[in-house]
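**Q** What follows is target.cif, mmCIF, C-alpha atoms.
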```
data_structure
#
loop_
_atom_site.label_atom_id
_atom_site.label_comp_id
_atom_site.auth_asym_id
_atom_site.auth_seq_id
_atom_site.Cartn_x
_atom_site.Cartn_y
_atom_site.Cartn_z
CA MET A 1 121.63 60.92 94.70
CA THR A 2 118.32 60.84 96.55
CA ASP A 3 118.04 61.10 100.31
CA TYR A 4 114.72 60.90 102.23
CA ARG A 5 115.23 62.89 105.41
CA ILE A 6 114.12 65.69 107.68
CA ILE A 7 114.88 68.93 105.84
CA ASN A 8 115.22 72.33 107.46
CA SER A 9 116.87 75.69 106.92
CA TRP A 10 119.21 77.57 109.23
CA GLY A 11 116.54 78.54 111.75
CA ASN A 12 115.69 74.85 112.33
CA TYR A 13 112.04 75.81 111.89
CA PRO A 14 110.02 74.42 110.28
CA LYS A 15 111.26 70.87 109.78
CA ILE A 16 109.67 68.76 107.06
CA LYS A 17 110.10 65.20 105.86
CA GLY A 18 111.07 65.28 102.23
CA GLU A 19 113.24 64.11 99.39
CA LEU A 20 116.63 65.76 98.94
CA ILE A 21 118.07 65.11 95.48
CA GLN A 22 121.66 66.09 94.76
CA THR A 23 123.07 66.20 91.26
CA SER A 24 126.04 67.68 89.44
CA ASN A 25 124.88 66.91 85.91
CA GLU A 26 122.67 69.19 83.79
CA GLU A 27 121.09 66.33 81.87
CA GLN A 28 120.20 64.58 85.10
CA LEU A 29 118.78 67.84 86.45
CA LYS A 30 116.50 68.06 83.39
CA LYS A 31 115.23 64.54 84.06
CA ILE A 32 114.55 65.36 87.71
CA ILE A 33 112.59 68.48 86.79
CA ASN A 34 110.59 66.52 84.24
CA LEU A 35 109.81 63.60 86.55
CA LYS A 36 108.84 65.44 89.73
CA ASN A 37 105.48 67.12 90.17
CA THR A 38 106.99 69.95 92.17
CA ILE A 39 110.49 70.94 93.28
CA ILE A 40 112.39 73.84 94.82
CA PRO A 41 116.13 74.53 94.42
CA TYR A 42 118.20 74.20 97.60
CA GLY A 43 121.57 75.91 98.02
CA ASN A 44 123.48 75.45 101.26
CA GLY A 45 120.51 75.71 103.63
CA ARG A 46 121.38 79.16 104.97
CA SER A 47 118.03 80.87 104.41
CA TYR A 48 116.15 81.01 107.70
CA GLY A 49 112.57 80.04 106.98
CA ASP A 50 110.69 77.82 104.54
CA SER A 51 111.65 79.43 101.23
CA ALA A 52 113.78 76.43 100.22
CA LEU A 53 111.60 73.68 101.74
CA ASN A 54 109.33 71.34 99.84
CA SER A 55 108.50 67.64 99.67
CA CYS A 56 111.22 67.54 97.01
CA VAL A 57 114.26 69.83 97.13
CA VAL A 58 117.01 69.71 94.52
CA LYS A 59 120.60 70.63 95.26
CA TYR A 60 122.51 71.25 92.05
CA LYS A 61 126.25 71.80 92.12
CA SER A 62 128.29 71.34 88.97
CA HIS A 63 131.10 68.83 89.29
CA ARG A 64 133.30 71.29 87.40
CA ASN A 65 133.11 73.95 90.15
CA ASN A 66 134.14 76.51 87.53
CA ILE A 67 135.68 79.88 88.34
CA ASN A 68 136.62 81.70 85.14
CA PHE A 69 138.24 84.94 86.25
CA ASN A 70 139.12 87.83 83.95
CA ARG A 71 141.57 89.71 86.17
CA SER A 72 141.98 92.70 83.87
CA LYS A 73 138.23 93.42 83.86
CA GLY A 74 137.38 92.14 87.33
CA ILE A 75 134.67 89.87 85.94
CA VAL A 76 134.16 86.30 87.14
CA GLU A 77 132.02 83.48 85.75
CA ILE A 78 131.09 81.00 88.46
CA ASP A 79 128.89 77.99 89.10
CA ALA A 80 125.79 78.74 91.17
CA GLY A 81 126.65 76.08 93.75
CA LEU A 82 129.89 77.85 94.68
CA LYS A 83 129.91 79.40 98.15
CA ILE A 84 130.67 83.09 98.61
CA GLY A 85 133.64 82.17 100.81
CA ASP A 86 135.17 80.01 98.08
CA LEU A 87 134.78 82.86 95.61
CA ILE A 88 136.54 85.23 98.02
CA ASP A 89 139.38 82.75 98.53
CA HIS A 90 139.91 82.65 94.77
CA VAL A 91 139.77 86.35 93.89
CA LEU A 92 141.11 88.05 97.03
CA PRO A 93 144.81 87.33 96.30
CA PHE A 94 144.40 89.27 93.05
CA GLY A 95 142.90 92.31 94.79
CA TYR A 96 139.20 91.69 94.18
CA PHE A 97 136.16 91.12 96.37
CA PRO A 98 132.45 90.42 95.79
CA PRO A 99 130.52 93.70 95.52
CA VAL A 100 127.84 92.56 97.99
CA VAL A 101 128.15 89.92 100.71
CA PRO A 102 125.65 88.73 103.34
CA GLY A 103 126.42 88.07 107.01
CA THR A 104 127.89 84.63 106.26
CA LYS A 105 130.25 83.45 103.55
CA THR A 106 128.60 80.01 103.44
CA VAL A 107 125.75 81.18 101.17
CA THR A 108 125.88 79.87 97.59
CA VAL A 109 126.00 82.21 94.62
CA GLY A 110 122.68 80.81 93.37
CA GLY A 111 121.08 81.36 96.77
CA ALA A 112 122.46 84.90 96.87
CA ILE A 113 120.82 85.72 93.53
CA ALA A 114 117.54 84.03 94.46
CA ALA A 115 117.36 86.15 97.63
CA ASP A 116 118.87 89.21 95.90
CA ILE A 117 121.06 89.63 98.96
CA HIS A 118 122.02 92.97 100.42
CA GLY A 119 124.97 93.78 102.65
CA LYS A 120 126.27 96.54 104.87
CA ASN A 121 126.67 98.69 101.75
CA HIS A 122 123.21 98.69 100.21
CA HIS A 123 122.88 102.47 100.60
CA VAL A 124 125.92 102.80 98.31
CA ASP A 125 126.03 99.68 96.10
CA GLY A 126 122.53 98.18 96.15
CA CYS A 127 121.76 94.45 95.98
CA ILE A 128 123.79 91.68 94.36
CA SER A 129 121.57 91.94 91.25
CA ASN A 130 123.01 95.41 90.60
CA HIS A 131 126.32 93.69 89.86
CA ILE A 132 125.14 90.54 88.08
CA ILE A 133 125.98 90.75 84.38
CA SER A 134 124.03 87.61 83.50
CA PHE A 135 123.12 84.10 84.64
CA ASN A 136 121.91 80.87 83.08
CA LEU A 137 118.60 79.49 84.33
CA MET A 138 117.03 76.07 83.76
CA LEU A 139 113.28 76.40 83.33
CA GLN A 140 110.44 73.97 84.04
CA ASN A 141 110.76 72.42 80.56
CA GLY A 142 114.50 71.80 80.98
CA HIS A 143 115.47 74.59 78.59
CA ILE A 144 118.39 76.79 79.62
CA VAL A 145 118.09 80.53 79.04
CA ASN A 146 120.54 83.35 79.59
CA CYS A 147 119.16 86.24 81.63
CA SER A 148 120.40 89.78 82.10
CA LYS A 149 118.97 93.26 82.46
CA GLU A 150 118.81 93.42 78.64
CA LEU A 151 118.19 89.78 77.64
CA ASN A 152 115.11 88.01 79.05
CA SER A 153 114.88 91.00 81.36
CA GLU A 154 111.51 90.10 82.87
CA LEU A 155 112.82 86.69 83.85
CA PHE A 156 115.88 88.41 85.34
CA ARG A 157 113.63 90.67 87.43
CA ALA A 158 111.52 87.74 88.60
CA THR A 159 114.51 85.52 89.46
CA CYS A 160 116.53 88.06 91.47
CA GLY A 161 114.65 88.01 94.75
CA GLY A 162 112.25 85.32 93.45
CA MET A 163 113.43 82.68 95.96
CA GLY A 164 113.93 79.90 93.43
CA LEU A 165 110.41 80.09 92.00
CA THR A 166 111.48 80.68 88.38
CA GLY A 167 113.94 77.82 87.87
CA VAL A 168 117.35 76.50 88.81
CA ILE A 169 120.23 78.96 88.51
CA LEU A 170 123.19 77.15 86.96
CA ASN A 171 125.92 79.78 86.79
CA ALA A 172 126.45 83.53 86.80
CA LYS A 173 128.72 86.27 85.55
CA LEU A 174 129.54 88.87 88.21
CA LYS A 175 131.40 92.19 88.29
CA LEU A 176 133.75 92.37 91.29
CA ILE A 177 135.17 95.37 93.14
CA SER A 178 138.87 96.16 93.28
CA ILE A 179 140.51 96.42 96.71
CA LYS A 180 144.02 97.27 97.95
CA SER A 181 143.92 95.45 101.28
CA ASN A 182 142.06 92.70 103.10
CA LEU A 183 141.85 95.04 106.12
CA ILE A 184 138.87 97.25 106.92
CA GLU A 185 139.36 100.64 108.53
CA GLN A 186 136.47 100.46 111.00
CA ASN A 187 135.02 103.37 112.93
CA SER A 188 132.92 102.60 116.02
CA CYS A 189 130.61 104.95 117.90
CA LYS A 190 128.75 104.25 121.11
CA ALA A 191 125.14 105.49 120.92
CA LYS A 192 123.12 106.20 124.05
CA ASN A 193 119.77 105.55 122.29
CA ILE A 194 118.15 104.84 118.93
CA ASP A 195 117.98 108.54 118.01
CA GLU A 196 121.74 108.80 118.31
CA LEU A 197 122.18 105.62 116.26
CA PHE A 198 120.08 107.09 113.47
CA SER A 199 122.08 110.32 113.59
CA TYR A 200 125.32 108.37 113.05
CA PHE A 201 123.87 106.63 109.99
CA GLU A 202 122.70 109.94 108.55
CA TYR A 203 125.93 111.82 109.26
CA HIS A 204 128.13 109.03 107.85
CA ASP A 205 125.86 107.93 105.00
CA SER A 206 128.69 108.30 102.46
CA ARG A 207 130.72 105.54 104.12
CA ARG A 208 130.59 102.39 102.06
CA PHE A 209 129.81 99.91 104.83
CA SER A 210 127.73 100.60 107.92
CA VAL A 211 125.83 98.58 110.51
CA ALA A 212 124.72 98.88 114.12
CA TRP A 213 124.17 96.46 116.97
CA VAL A 214 121.07 97.35 119.00
CA ASP A 215 120.40 96.47 122.64
CA CYS A 216 116.78 95.27 122.71
CA PHE A 217 116.73 95.25 126.53
CA SER A 218 117.16 99.00 126.83
CA SER A 219 114.13 101.20 127.37
CA GLY A 220 113.11 104.73 128.33
CA ASN A 221 115.75 107.31 127.49
CA GLU A 222 118.11 104.50 126.53
CA LEU A 223 115.69 102.79 124.13
CA GLY A 224 117.63 101.26 121.25
CA ARG A 225 121.07 102.12 122.54
CA GLY A 226 123.83 100.40 120.59
CA ILE A 227 127.13 100.43 118.78
CA TYR A 228 127.41 101.94 115.30
CA MET A 229 130.18 100.63 113.04
CA SER A 230 131.23 101.88 109.61
CA GLY A 231 134.23 101.43 107.39
CA ASP A 232 135.79 100.57 104.08
CA PHE A 233 138.72 98.57 102.76
CA LEU A 234 142.07 100.18 103.59
CA ARG A 235 143.14 102.15 100.52
CA ASN A 236 146.85 101.63 100.99
CA GLY A 237 147.98 98.24 102.18
CA ILE A 238 148.71 94.69 101.15
CA ILE A 239 146.53 91.68 100.42
CA ASN A 240 146.94 88.97 103.03
CA SER A 241 144.66 86.15 101.95
CA THR A 242 145.42 83.92 104.93
CA ASN A 243 142.22 82.81 106.67
CA SER A 244 141.95 84.76 109.91
CA TYR A 245 139.68 82.13 111.46
CA ASN A 246 142.43 79.72 112.48
CA PHE A 247 140.29 78.67 115.43
CA LYS A 248 136.55 78.20 115.27
CA PHE A 249 134.30 77.39 118.17
CA ASN A 250 131.80 74.63 117.47
CA ILE A 251 128.37 74.07 119.01
CA PRO A 252 128.34 70.24 118.81
CA ASP A 253 124.69 69.74 119.73
CA PHE A 254 121.49 71.64 120.42
CA CYS A 255 121.67 73.67 123.61
CA PRO A 256 118.96 73.52 126.29
CA THR A 257 116.17 76.01 125.64
CA TRP A 258 116.74 77.79 128.95
CA LEU A 259 120.24 78.90 127.90
CA ILE A 260 118.91 81.96 126.09
CA ASN A 261 116.77 83.75 128.66
CA PRO A 262 116.17 87.39 129.62
CA PHE A 263 118.59 87.25 132.55
CA SER A 264 121.54 85.81 130.62
CA GLN A 265 120.94 88.05 127.63
CA LYS A 266 120.66 91.20 129.74
CA ILE A 267 124.06 90.47 131.28
CA PHE A 268 125.56 89.76 127.85
CA ASN A 269 124.12 92.93 126.31
CA GLN A 270 125.39 95.07 129.19
CA LEU A 271 128.88 93.63 128.85
CA TYR A 272 128.88 93.96 125.07
CA TYR A 273 127.71 97.56 125.20
CA ASN A 274 130.25 98.55 127.84
CA ILE A 275 133.23 96.71 126.36
CA ASN A 276 132.62 97.92 122.80
CA GLY A 277 131.93 101.41 124.05
CA LEU A 278 135.02 101.87 126.22
CA ASN A 279 136.05 104.60 123.84
CA ARG A 280 133.08 106.61 122.65
CA LYS A 281 134.60 106.95 119.21
CA LYS A 282 137.46 104.83 117.92
CA THR A 283 139.07 103.68 114.67
CA ILE A 284 140.73 100.31 114.27
CA LEU A 285 141.99 98.06 111.48
CA ILE A 286 140.06 94.81 111.32
CA ASP A 287 140.29 91.80 109.01
CA TYR A 288 137.48 91.56 106.46
CA GLU A 289 136.25 88.28 107.95
CA ASN A 290 135.78 89.80 111.38
CA PHE A 291 133.97 92.75 109.84
CA PHE A 292 131.65 90.93 107.43
CA PHE A 293 131.31 87.43 108.90
CA PRO A 294 131.71 87.52 112.70
CA LEU A 295 129.26 84.68 113.35
CA ASP A 296 131.16 82.34 111.02
CA LYS A 297 133.64 81.97 113.90
CA ILE A 298 131.00 79.87 115.66
CA LEU A 299 130.17 76.69 113.78
CA ASN A 300 126.52 75.64 114.09
CA TRP A 301 125.63 78.73 116.13
CA ASN A 302 121.97 78.15 115.24
CA ARG A 303 121.97 75.30 117.78
CA LEU A 304 122.22 77.85 120.59
CA TYR A 305 118.45 78.32 120.34
CA GLY A 306 117.67 74.67 121.10
CA LYS A 307 115.90 71.93 119.17
CA SER A 308 112.75 73.98 118.65
CA GLY A 309 114.69 76.44 116.54
CA PHE A 310 114.28 80.16 116.09
CA LEU A 311 112.77 82.74 113.77
CA GLN A 312 114.74 85.56 112.27
CA TYR A 313 112.46 88.52 111.70
CA GLN A 314 113.78 91.16 109.32
CA PHE A 315 111.77 94.10 108.11
CA VAL A 316 112.37 97.44 106.44
CA ILE A 317 110.42 100.67 106.95
CA PRO A 318 110.61 103.62 104.53
CA LYS A 319 112.98 106.33 105.65
CA ASP A 320 110.35 108.95 106.48
CA ASN A 321 108.69 106.53 108.91
CA SER A 322 111.72 104.56 110.09
CA ILE A 323 112.40 106.30 113.38
CA ILE A 324 108.87 106.22 114.76
CA GLY A 325 108.13 102.72 113.43
CA ILE A 326 111.32 101.13 114.77
CA LYS A 327 110.85 102.89 118.11
CA LYS A 328 107.39 101.34 118.43
CA ILE A 329 108.77 97.91 117.67
CA LEU A 330 111.67 98.26 120.12
CA ASN A 331 109.24 99.41 122.81
CA MET A 332 107.07 96.35 122.22
CA ILE A 333 110.09 94.05 122.42
CA SER A 334 111.49 95.64 125.59
CA ARG A 335 108.12 95.21 127.34
CA SER A 336 107.69 91.59 126.24
CA ASN A 337 109.33 88.30 127.17
CA HIS A 338 110.59 87.95 123.59
CA ILE A 339 114.04 89.47 123.70
CA SER A 340 116.21 89.19 120.61
CA PRO A 341 119.81 88.19 121.42
CA LEU A 342 120.85 89.57 118.04
CA ALA A 343 119.53 92.84 116.63
CA VAL A 344 121.17 94.41 113.59
CA LEU A 345 120.24 97.78 112.08
CA LYS A 346 121.25 98.83 108.56
CA LEU A 347 120.52 101.65 106.13
CA PHE A 348 119.07 100.87 102.70
CA GLY A 349 119.31 102.92 99.53
CA LYS A 350 116.72 103.09 96.76
CA ARG A 351 114.80 100.01 95.66
CA ASN A 352 115.51 98.21 92.40
CA GLU A 353 113.09 97.05 89.70
CA ASN A 354 112.99 93.36 90.64
CA TYR A 355 109.52 92.11 91.57
CA LEU A 356 110.26 90.68 95.03
CA SER A 357 113.58 92.24 96.07
CA PHE A 358 113.38 93.22 99.71
CA PRO A 359 115.23 96.57 100.15
CA ILE A 360 113.50 99.91 99.85
CA LYS A 361 114.97 103.26 100.85
CA GLY A 362 114.85 103.24 104.63
CA TYR A 363 116.11 101.32 107.65
CA THR A 364 116.04 97.58 108.17
CA LEU A 365 116.19 95.74 111.49
CA ALA A 366 116.96 92.02 111.77
CA LEU A 367 115.97 90.22 114.98
CA ASP A 368 116.27 86.64 116.28
CA PHE A 369 113.54 85.08 118.42
CA LYS A 370 113.62 81.56 119.78
CA ILE A 371 110.46 79.52 119.28
CA GLN A 372 108.12 79.99 122.25
CA PRO A 373 104.37 79.35 122.60
CA ASP A 374 103.19 82.90 121.84
CA ILE A 375 105.98 84.06 119.51
CA PHE A 376 103.79 83.81 116.41
CA SER A 377 101.04 86.05 117.77
CA PHE A 378 103.71 88.48 118.99
CA LEU A 379 105.27 88.70 115.52
CA ASP A 380 101.80 89.21 114.04
CA GLU A 381 101.61 92.35 116.18
CA LEU A 382 104.99 93.50 114.88
CA ASP A 383 103.76 92.88 111.33
CA LYS A 384 100.91 95.34 111.93
CA ILE A 385 103.38 98.08 112.88
CA VAL A 386 105.60 97.36 109.87
CA ILE A 387 102.61 97.48 107.52
CA ASP A 388 101.14 100.61 109.14
CA TYR A 389 104.38 102.44 108.38
CA GLY A 390 104.69 101.20 104.80
CA GLY A 391 107.24 98.45 105.39
CA ARG A 392 107.76 94.83 104.40
CA VAL A 393 109.42 91.62 105.62
CA TYR A 394 112.27 89.70 103.98
CA LEU A 395 111.34 86.45 102.24
CA ALA A 396 114.75 84.87 102.90
CA LYS A 397 114.13 85.19 106.63
CA ASP A 398 110.40 84.49 106.75
CA ALA A 399 108.65 81.34 108.01
CA ARG A 400 105.25 82.59 109.18
CA THR A 401 103.97 85.80 107.57
CA VAL A 402 100.39 85.54 106.34
CA LYS A 403 99.43 86.22 102.74
CA ASN A 404 97.48 89.45 103.26
CA ASN A 405 100.23 91.10 105.29
CA PHE A 406 102.86 90.07 102.77
CA GLU A 407 100.88 91.48 99.83
CA LEU A 408 100.54 94.89 101.49
CA GLY A 409 104.32 95.19 101.57
CA TYR A 410 105.03 94.07 98.00
CA PRO A 411 103.11 96.13 95.42
CA ASN A 412 104.55 94.12 92.48
CA ILE A 413 103.22 90.79 93.70
CA LYS A 414 100.42 90.71 91.10
CA GLU A 415 102.91 91.16 88.26
CA PHE A 416 105.10 88.39 89.70
CA ARG A 417 102.17 85.98 89.97
CA THR A 418 101.00 86.82 86.46
CA PHE A 419 104.47 86.27 85.02
CA ARG A 420 104.85 82.93 86.83
CA SER A 421 101.44 81.79 85.63
CA GLN A 422 101.85 82.88 82.01
CA SER A 423 105.31 81.30 81.84
CA GLY A 424 104.10 78.02 83.34
CA LEU A 425 106.64 78.30 86.15
CA ASN A 426 103.99 77.85 88.83
CA ASN A 427 103.35 74.32 87.54
CA LYS A 428 106.73 73.10 88.78
CA PHE A 429 108.56 75.36 91.22
CA HIS A 430 107.02 75.65 94.67
CA SER A 431 108.17 75.96 98.27
CA ASN A 432 106.30 75.78 101.56
CA GLN A 433 106.63 79.56 101.62
CA SER A 434 105.27 80.06 98.10
CA LEU A 435 102.24 77.87 98.89
CA ARG A 436 101.61 79.76 102.14
CA LEU A 437 101.80 83.14 100.40
CA GLU A 438 100.33 81.94 97.08
CA LEU A 439 103.29 83.24 95.15
#
```
Any chance you could give the structure as structure tokens?
**A**
Amino acid sequence: MTDYRIINSWGNYPKIKGELIQTSNEEQLKKIINLKNTIIPYGNGRSYGDSALNSCVVKYKSHRNNINFNRSKGIVEIDAGLKIGDLIDHVLPFGYFPPVVPGTKTVTVGGAIAADIHGKNHHVDGCISNHIISFNLMLQNGHIVNCSKELNSELFRATCGGMGLTGVILNAKLKLISIKSNLIEQNSCKAKNIDELFSYFEYHDSRRFSVAWVDCFSSGNELGRGIYMSGDFLRNGIINSTNSYNFKFNIPDFCPTWLINPFSQKIFNQLYYNINGLNRKKTILIDYENFFFPLDKILNWNRLYGKSGFLQYQFVIPKDNSIIGIKKILNMISRSNHISPLAVLKLFGKRNENYLSFPIKGYTLALDFKIQPDIFSFLDELDKIVIDYGGRVYLAKDARTVKNNFELGYPNIKEFRTFRSQSGLNNKFHSNQSLRLEL
């Protein structure tokens, strides 16, 4: 089915007029790849920038919607168009959970592999590719190849984190983790500044899941104050697979651009910091959905930023430079008129061998900025700090980084380009992002 329409990702920027082709048949997918000059796979539209945008995007979801689950081994074979949430719904009653999940359960499995997603547990469990046993990939000539760390390993390394530029992922085999409860034992600590936040991460680095909310309005001695949260699945309990989101709040239309402004956000941040920090240190039991996917409670929350959309800016800085680099960035934000309503800090473990996977050992900060006249020049300034301290930006969140800055953060970019060229993949698979960065 072909649909000519305005296509955009979750940030609602940029918007392009293009052709969206949906198919559930492998033979039809081969014909589409053969007929079109250029395409890019499109999952569920939950990447933030232009990595899945092109004049022709192809959404493949098998009509079979297969989930072949080996309960004794904890291994599942799934179609790439399946959403993470649907996978959880299927395996959770049997005491299993995906090893790595992003901040929303509406991401497809294929999209998760293409972005090589990380979660709140990267410092312990790495990216999703660490747990992928294999996947089937349709190439530019319509051939289907099986990829793993041992078989077609270079194609595996290029696809995981390659943002759809090597082919269309059809299905995957994934190793799950075993759990005893759907509840998370969460520990929360109120931090008076960014130094204290970092100390919590370092002291509790053995905890499986950790994340921090950061107040970007704070400055001076309170620069980067926030709430640190860590936890793990309850070791003794029961599995209650009932959806905890019985009620979801919906944003029916785009909000006026003035809704998110420094005054309203300062009030919100003050309230959030005080309410969540009523007890300096506390432990509670919380449902996995509230812990991993809090924003999924708000349908279409991206509309809060207005019709112009927003940019999510996520970067990582190596551990030795993280504190000073992130302090500089927070100082720049607190002195500007570009305040991020959402700022999330996480700890990364060691990098993997994939060409374009984002995480390196260090700290990552994800920020949301609504589109304003000078936001692009402001983010260019942040890029300089990230690069100066040896960091990089995340392709799944990027819509504006320039080629030279990107290359400085990804030392394996030459090998990726060479592999794409020698394999003929750059003759077919392109996105607005790949053209901008010459991937």
**Q** Using only C-alpha atoms, which residue out of A:Leu174, A:Cys189, A:Leu29, A:Ile7 lies closest to Leu87 (chain A)?
**A** A:Leu174
**Q** Padding of 3 Å on every side, edges along x, y and z, all listed atoms of region 400-417 of chain A included: what centre and edge lengths in Å, to one decimal, does that box have, as JSON?
**A**
```
{"center_x": 101.4, "center_y": 89.4, "center_z": 98.7, "size_x": 13.8, "size_y": 19.5, "size_z": 26.9}
```
**Q** For a test of reading the model, state the distance in Å between CA of Cys56 (chain A) and CA of Ile16 (chain A), rounded to one decimal.
**A**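 Those two atoms sit 10.2 Å apart.
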**Q** I would like the residues chosen by the PyMOL selection byres ((chain A and resi 201) around 9) on the shown file; could you give them as a CSV table (one decimal) with C-alpha atoms, in the frame of the given file?
**A**
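Output below, filename result-v8.csv:
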```csv
chain,number,residue,atom,x,y,z
A,196,GLU,CA,121.7,108.8,118.3
A,197,LEU,CA,122.2,105.6,116.3
A,198,PHE,CA,120.1,107.1,113.5
A,199,SER,CA,122.1,110.3,113.6
A,200,TYR,CA,125.3,108.4,113.0
A,202,GLU,CA,122.7,109.9,108.6
A,203,TYR,CA,125.9,111.8,109.3
A,204,HIS,CA,128.1,109.0,107.8
A,205,ASP,CA,125.9,107.9,105.0
A,210,SER,CA,127.7,100.6,107.9
A,211,VAL,CA,125.8,98.6,110.5
A,212,ALA,CA,124.7,98.9,114.1
A,228,TYR,CA,127.4,101.9,115.3
A,230,SER,CA,131.2,101.9,109.6
A,346,LYS,CA,121.2,98.8,108.6
A,347,LEU,CA,120.5,101.6,106.1
```
**Q** Taking only C-alpha atoms into account, name the residue in A:Ser421, A:Ser322, A:Thr159, A:Ser129 that is nearest to Ala114 (chain A).
**A**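 Going through A:Ser421, A:Ser322, A:Thr159, A:Ser129 one by one, the smallest distance to Ala114 (chain A) is for A:Thr159.
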**Q** Would you mind reading off the distance between CA of Gln265 (chain A) and CA of Arg225 (chain A), one decimal, in Å?
**A**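 CA of Gln265 (chain A) sits 15.0 Å away from CA of Arg225 (chain A).
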**Q** So which one's closest to Tyr42 (chain A), A:Ser9, A:Asn141, A:Gln372, A:Asn66? Using all atoms listed in the file, please.
**A**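 Distance minimum relative to Tyr42 (chain A) lands on A:Ser9.
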**Q** Mind checking which residues fall within 8 Å of Lys350 (chain A), counting only C-alpha atoms, ignoring those fewer than 4 positions away in the same chain, and posting them as a list in words?
**A** His123, Gly126, Pro359, Ile360 and Lys361 of chain A
**Q** Quick check, in Å to one decimal: how far apart do CA of Ile75 (chain A) and CA of Phe97 (chain A) lie?
**A**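 These atoms are spaced 10.6 Å apart.
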**Q** List the neighbours of Phe429 (chain A) out to 12 Å using only C-alpha atoms; skip same-chain residues closer than 3 positions along the sequence, and give me the result as a ChimeraX atom specification.
**A** /A:33-34,36-42,51-58,138-141,159,162-168,420-421,423-426,432-435,439
**Q** Once the PyMOL selection byres ((chain A and resi 377-387) around 7) has been evaluated on this model, what residues remain selected, and can you format them as a count of residues only?
**A** 13
**Q** Under the rule that all atoms listed in the file are counted, which of A:Ala115, A:Cys255, A:Ile324, A:Cys127 is the nearest residue to Tyr48 (chain A)?
**A** A:Ala115
**Q** List the residues matched by the PyMOL selection byres ((chain A and resi 91-94) around 12) in the displayed structure as an MDAnalysis selection string, ordered by chain and then by residue number.
**A** chainID A and resid 67:78 84:90 95:99 174:183 238:243 288:289
**Q** Can I get the selected residues back with C-alpha atoms, as an mmCIF file, in the frame of the given file?
**A**
```cif
data_model
loop_
_atom_site.group_PDB
_atom_site.id
_atom_site.type_symbol
_atom_site.label_atom_id
_atom_site.label_comp_id
_atom_site.auth_asym_id
_atom_site.auth_seq_id
_atom_site.Cartn_x
_atom_site.Cartn_y
_atom_site.Cartn_z
ATOM 1 C CA ILE A 67 135.680 79.880 88.340
ATOM 2 C CA ASN A 68 136.620 81.700 85.140
ATOM 3 C CA PHE A 69 138.240 84.940 86.250
ATOM 4 C CA ASN A 70 139.120 87.830 83.950
ATOM 5 C CA ARG A 71 141.570 89.710 86.170
ATOM 6 C CA SER A 72 141.980 92.700 83.870
ATOM 7 C CA LYS A 73 138.230 93.420 83.860
ATOM 8 C CA GLY A 74 137.380 92.140 87.330
ATOM 9 C CA ILE A 75 134.670 89.870 85.940
ATOM 10 C CA VAL A 76 134.160 86.300 87.140
ATOM 11 C CA GLU A 77 132.020 83.480 85.750
ATOM 12 C CA ILE A 78 131.090 81.000 88.460
ATOM 13 C CA ILE A 84 130.670 83.090 98.610
ATOM 14 C CA GLY A 85 133.640 82.170 100.810
ATOM 15 C CA ASP A 86 135.170 80.010 98.080
ATOM 16 C CA LEU A 87 134.780 82.860 95.610
ATOM 17 C CA ILE A 88 136.540 85.230 98.020
ATOM 18 C CA ASP A 89 139.380 82.750 98.530
ATOM 19 C CA HIS A 90 139.910 82.650 94.770
ATOM 20 C CA GLY A 95 142.900 92.310 94.790
ATOM 21 C CA TYR A 96 139.200 91.690 94.180
ATOM 22 C CA PHE A 97 136.160 91.120 96.370
ATOM 23 C CA PRO A 98 132.450 90.420 95.790
ATOM 24 C CA PRO A 99 130.520 93.700 95.520
ATOM 25 C CA LEU A 174 129.540 88.870 88.210
ATOM 26 C CA LYS A 175 131.400 92.190 88.290
ATOM 27 C CA LEU A 176 133.750 92.370 91.290
ATOM 28 C CA ILE A 177 135.170 95.370 93.140
ATOM 29 C CA SER A 178 138.870 96.160 93.280
ATOM 30 C CA ILE A 179 140.510 96.420 96.710
ATOM 31 C CA LYS A 180 144.020 97.270 97.950
ATOM 32 C CA SER A 181 143.920 95.450 101.280
ATOM 33 C CA ASN A 182 142.060 92.700 103.100
ATOM 34 C CA LEU A 183 141.850 95.040 106.120
ATOM 35 C CA ILE A 238 148.710 94.690 101.150
ATOM 36 C CA ILE A 239 146.530 91.680 100.420
ATOM 37 C CA ASN A 240 146.940 88.970 103.030
ATOM 38 C CA SER A 241 144.660 86.150 101.950
ATOM 39 C CA THR A 242 145.420 83.920 104.930
ATOM 40 C CA ASN A 243 142.220 82.810 106.670
ATOM 41 C CA TYR A 288 137.480 91.560 106.460
ATOM 42 C CA GLU A 289 136.250 88.280 107.950
#
```
**Q** Can you tell me, as a PyMOL selection string, what residues are no more than 9 Å from region 294-304 of chain A when counting all atoms listed in the file, ignoring any on the same chain fewer than 6 positions away?
**A** chain A and resi 10-12+103-106+245+247-257+259-260+310
**Q** Would you mind listing what lies within 7 Å of region 331-333 of chain A as a PyMOL selection string, with all atoms listed in the file counted and same-chain residues fewer than 6 positions away left out?
**A** chain A and resi 216+219+339
**Q** How would the residues just chosen look if you wrote them out with C-alpha atoms as a PDB file, keeping the file's coordinate frame?
**A**
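Saved as again_38.pdb:
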```
ATOM      1  CA  CYS A 216     116.780  95.270 122.710  1.00  0.00           C
ATOM      2  CA  SER A 219     114.130 101.200 127.370  1.00  0.00           C
ATOM      3  CA  ILE A 339     114.040  89.470 123.700  1.00  0.00           C
TER       4      ILE A 339
END
```
**Q** Between A:Asp398, A:Asp368, A:Glu26, A:Asp116, which is the closest to Val100 (chain A) once you count all atoms listed in the file?
**A**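 With all atoms listed in the file as the atom set, the closest residue is A:Asp116.
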